[in-house]
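One structure below.
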Amino acid sequence: MTTTIESPPDTAKAPQRSASSLVDAVFRAREISIAGALVLLILGTYLANPLFLSDQGVKDLLLNASILVLLAVGQSAVVITRNIDLSVGSVVGLSAFACGKFVAGTDHGVLTVMLLGIAIGVVCGLVSGALVSFGRVPALVVTLGMLYIIQGIDYWWAQGEQISASDVPDAVLGLGSGSLLGVPYLPLISLVLLAATAYFLRSYRSGRELYAIGSSPEAARLAGIPIRRRVLAAYAFSGAVAGFAGALWLARFGTVVADNAHGWELTVVSAVVVGGVAITGGTGTVWGAALGALLLTTIGSVLVVLKVDSFWQGAITGALLLLAISVDRIVNLRMTAALRKRSARHDHGA
Amino acid sequence: MNQSAPDPAPVLALKGVSKSFGAVRALQDVSLQLFPGEAHALAGENGAGKSTLIKALAGVHRPDSGEVLLDGEPVVFHGPADARDAGIAVIYQEPTLFPDLSIAENIFMGRQPRRALGRIDRKAVHATTAGLMRRLGVDLSPDRPARGLSIADQQIVEIAKALSFDARVLIMDEPTAALTGSETARLFSVVQTLRAEGAAVLFISHRLDEIFELCQRVTTLRDGRWISSEPLEELTEDDLVRRMVGRDLDDLYPKQEAEVGEVALSVHRLTREGVFRDVSFDVRRGEIVALAGLVGAGRTEVAQAVFGVDRADAGEVKVGGTVLRPGSPTAAMAAGLALVPEDRRQRGLVMDLSIERNIGLTGLDEVRKRGLVSRALEHDRAADWAVRLQLKYNRLADSVGVLSGGNQQKVVLAKWLATGPAVLIVDEPTRGIDVGTKAEVHRLLSSLAADGLAVLMISSDLPEVIGMADRVLVMHEGRLVAEIPRASATEESVMAAATGRNERAAA
């Protein structure tokens, strides 16, 4: 008792700093190590083939990553709440095809097309979200079902039809190919959305509540958090982002068929998990998820440049995923033990 | 301080409240008044409706009929947030925190102070939390995640939460069940401070001494009905128990004299690095030996090592004269050891399985017919044990999750007794169990010992240790520091050893 009164600043500060810095360090370490891996990968490939970092090479790299980064940001919001959205790949496909069908042969503006894409995505997200939050059906099953339903609708609608770039208005294609001060629009758009989402998740009550729900649904309920509304919102957001990504897909490639972005949902989830968003919810940042997406895309591009068979990409993604999950598990156990020791020590002091 | 008659205006009250879940009538016409500045105990056996009553006050359940009155005005809580906004804070037996989030976020989740544009004012959150921790006299960093906090510290976080919104009513559901003596004292002093500041406290505990120590009035429930509300001054513990169970308890600790036989379990210099060291003791047939000590002294760990769940680094365990293969629960079971673990929900039972299947789990070999588990044999075996242990259940095919805590404990006991053990290790056999069932468990242990079973009982409940044990072994920080025979075992002598105030006393 007496010691705490006599020397409050020092004794109080020391354990504080160490406990919080430990946690900070762990999270930063994840992002730094991914960034480090990225740098090494890019540097190594550059040494093997200098063309990899030519103006066009960098541009391609960024363009390829943009859509995956967007989807990873949307997916993170859902995964943080201890849920998952497997329907995003098919939503991108549906949105891209619908937008293409809508603009083919017309001169609709960019904004209209983007809004249409977002609207399609929101509707899909709301259906999944409502089933998960109000219907209390496990997210894995709901979104897997949605994946097949949306894909089915897409195939039925497209009937093998293809929309080609010549049908798409130049204004729309311009968004996909244009750039600002040499940086293509697409990565800029992704960056803005990424930064805004990161800020929201960090600095707004409803953002923090998503983490709370994922960390302990029971505690969230007792804290009076409107869980169902928040989860629904997370799905709507993920859907909106996927729909938006679909519209951007059209702008980027011009040519769309029914099964665009087929199978992307698993790549997105992998990116998110590799990036440090725990599949069990409650931790991780969208910055990490975006880095994860960037890493996976870069690996894909590197394999092309190094002329490695593309089937290796899947194996490498899988290995990274297992590595990430193992690291999460180990760090989690170690950190719990360290924190426990720390509280034991301070109990002794008190 | 002399507590005068309570202020005439109750801050929170229930009037004629009823609540049913399906066919189960959890509360029937229950009334309760909480006055500012009083600590009010809520007493009753498990299943008497205490939890439902708390949840009605906390906005988790809506009463089917009757009213909740706040400052004399009827209110309807649509959810926990409404109750919180009305100044009602609830601390549950096992605090529910967000393990991944910081202590500060845990305290302010959903109501963080905000600055312009609705952004969270992180600095204010941090500073206020630091202030609350100082006020509570604990050294916890606001930025530390809740993961890994001890139960006592988790409760401190909950109390800080209550302080942060100037709770007028603090409801505590068995807060001391997992606390050590000093932690309980710290909790009680915080509660006294809050009470002095005019907060009303509703306190639930199975430990009667705590009720008498902390509270001024008590309301008793039985079978979902209101029995009485009265000042504690005029009551004795026996009176209170009688109101709770509706009959006289012949004896809470029915210790039978048993003939002590040969050594059944012998533990020699058992050591697990960093957890416990050099632990040696014997348990004889017919004996109940209590293993006492503070939470974290290493008692459960010793039991796990004896049973082979954890590997010991050194030492040996003998059952009936043969040395056990270390680290093998199968070998321990074959030699006649049985371990009833502390956490029955996590380790003792498979909550989703039926009563009969749970009881059958330890003896799948015996309920086998032509290589397959026979449901009929399993059922018969379970029915037999259910009768012997006076299990209260609806059907044996019901999942154990629907049973009350006391009956779940009986199922765990049945599951292990069915193996016909020579040595039974029970870890906190009556934690969170109501008085009536507790006496039954005690009677059961006592008669098992009388039949020649050797019982090693880990318990933090001192009256239970004193009342039931033939000998008391006391652990302190991983060492066995005292062995006290029944004749000289008192709460004082056991506590003194458990807190390390004397070295190895009489052998």
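Identifiers for the structure tokens are assigned positionally: chains receive A, B, ... in sequence, residues are indexed from 1 per chain, and ligands are indexed from 1 in the order shown.
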### Message
Could you go through range 140-240 of chain A and tell me which residues DSSP, when run on the backbone, assigns to strand (DSSP E or B), listing them as a VMD selection string?
### Response
chain A and resid 163 179 to 180 183 to 184 204
### Query
Please, which residues of range 74-281 of chain A, numbered as in this document, come out alpha helix (DSSP H) from DSSP, as a PyMOL selection string?
chain A and resi 74-80+88-103+110-133+139-158+170-177+185-203+205-215+217-222+227-253+264-274
### Summary
Using only C-alpha atoms, the shortest atom-to-atom distance to chain A among B:Val263, B:Val75, B:Asp209, B:Gly296 belongs to B:Gly296
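Closest approach to chain A among B:Pro36, B:Pro80, B:Gly363, B:Gly452 is made by B:Pro80 (distances from only C-alpha atoms).
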### Query
Any idea what's packed within 10 Å of Gln304 in chain B, counting only C-alpha atoms, ignoring anything in its chain fewer than 5 positions away? Could you give it as number ranges by chain?
B: 298-299, 309-312, 327, 329, 339, 341, 425, 427
Suppose we keep N, CA, C and O atoms; can you now write the selection as an mmCIF file, in the first residue's frame?
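The resulting selection.cif:
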data_model
loop_
_atom_site.group_PDB
_atom_site.id
_atom_site.type_symbol
_atom_site.label_atom_id
_atom_site.label_comp_id
_atom_site.auth_asym_id
_atom_site.auth_seq_id
_atom_site.Cartn_x
_atom_site.Cartn_y
_atom_site.Cartn_z
ATOM 1 N N GLY B 298 -1.315 -24.353 -6.564
ATOM 2 C CA GLY B 298 -0.824 -25.537 -7.276
ATOM 3 C C GLY B 298 -1.575 -26.812 -6.945
ATOM 4 O O GLY B 298 -1.147 -27.900 -7.333
ATOM 5 N N ARG B 299 -2.728 -26.689 -6.272
ATOM 6 C CA ARG B 299 -3.451 -27.885 -5.847
ATOM 7 C C ARG B 299 -4.006 -28.664 -7.029
ATOM 8 O O ARG B 299 -3.822 -29.873 -7.141
ATOM 9 N N VAL B 309 -2.676 -36.483 -16.171
ATOM 10 C CA VAL B 309 -3.086 -35.570 -17.239
ATOM 11 C C VAL B 309 -1.896 -34.687 -17.620
ATOM 12 O O VAL B 309 -1.609 -34.442 -18.782
ATOM 13 N N ASP B 310 -1.195 -34.188 -16.588
ATOM 14 C CA ASP B 310 0.048 -33.459 -16.819
ATOM 15 C C ASP B 310 1.197 -34.370 -16.410
ATOM 16 O O ASP B 310 1.055 -35.189 -15.510
ATOM 17 N N ARG B 311 2.309 -34.189 -17.057
ATOM 18 C CA ARG B 311 3.471 -34.995 -16.732
ATOM 19 C C ARG B 311 4.245 -34.346 -15.593
ATOM 20 O O ARG B 311 4.459 -33.133 -15.599
ATOM 21 N N ALA B 312 4.640 -35.115 -14.612
ATOM 22 C CA ALA B 312 5.478 -34.574 -13.548
ATOM 23 C C ALA B 312 6.930 -34.692 -13.983
ATOM 24 O O ALA B 312 7.278 -35.574 -14.757
ATOM 25 N N GLY B 327 2.260 -39.736 -16.655
ATOM 26 C CA GLY B 327 1.673 -39.100 -17.834
ATOM 27 C C GLY B 327 0.651 -39.952 -18.548
ATOM 28 O O GLY B 327 0.400 -39.762 -19.728
ATOM 29 N N PRO B 329 -3.263 -41.079 -18.045
ATOM 30 C CA PRO B 329 -4.544 -41.187 -17.338
ATOM 31 C C PRO B 329 -5.132 -42.585 -17.475
ATOM 32 O O PRO B 329 -5.820 -43.066 -16.572
ATOM 33 N N LEU B 339 -10.690 -38.968 -11.138
ATOM 34 C CA LEU B 339 -10.518 -37.531 -10.897
ATOM 35 C C LEU B 339 -11.772 -36.790 -11.340
ATOM 36 O O LEU B 339 -12.149 -36.831 -12.505
ATOM 37 N N PRO B 341 -12.957 -33.321 -12.016
ATOM 38 C CA PRO B 341 -12.263 -32.046 -12.186
ATOM 39 C C PRO B 341 -13.060 -30.856 -11.663
ATOM 40 O O PRO B 341 -14.253 -30.951 -11.369
ATOM 41 N N ILE B 425 -10.322 -38.536 -6.430
ATOM 42 C CA ILE B 425 -9.838 -37.167 -6.248
ATOM 43 C C ILE B 425 -10.945 -36.236 -6.718
ATOM 44 O O ILE B 425 -11.411 -36.343 -7.853
ATOM 45 N N ASP B 427 -12.030 -32.210 -7.155
ATOM 46 C CA ASP B 427 -11.494 -30.853 -7.166
ATOM 47 C C ASP B 427 -12.662 -29.884 -7.032
ATOM 48 O O ASP B 427 -13.511 -29.816 -7.924
#
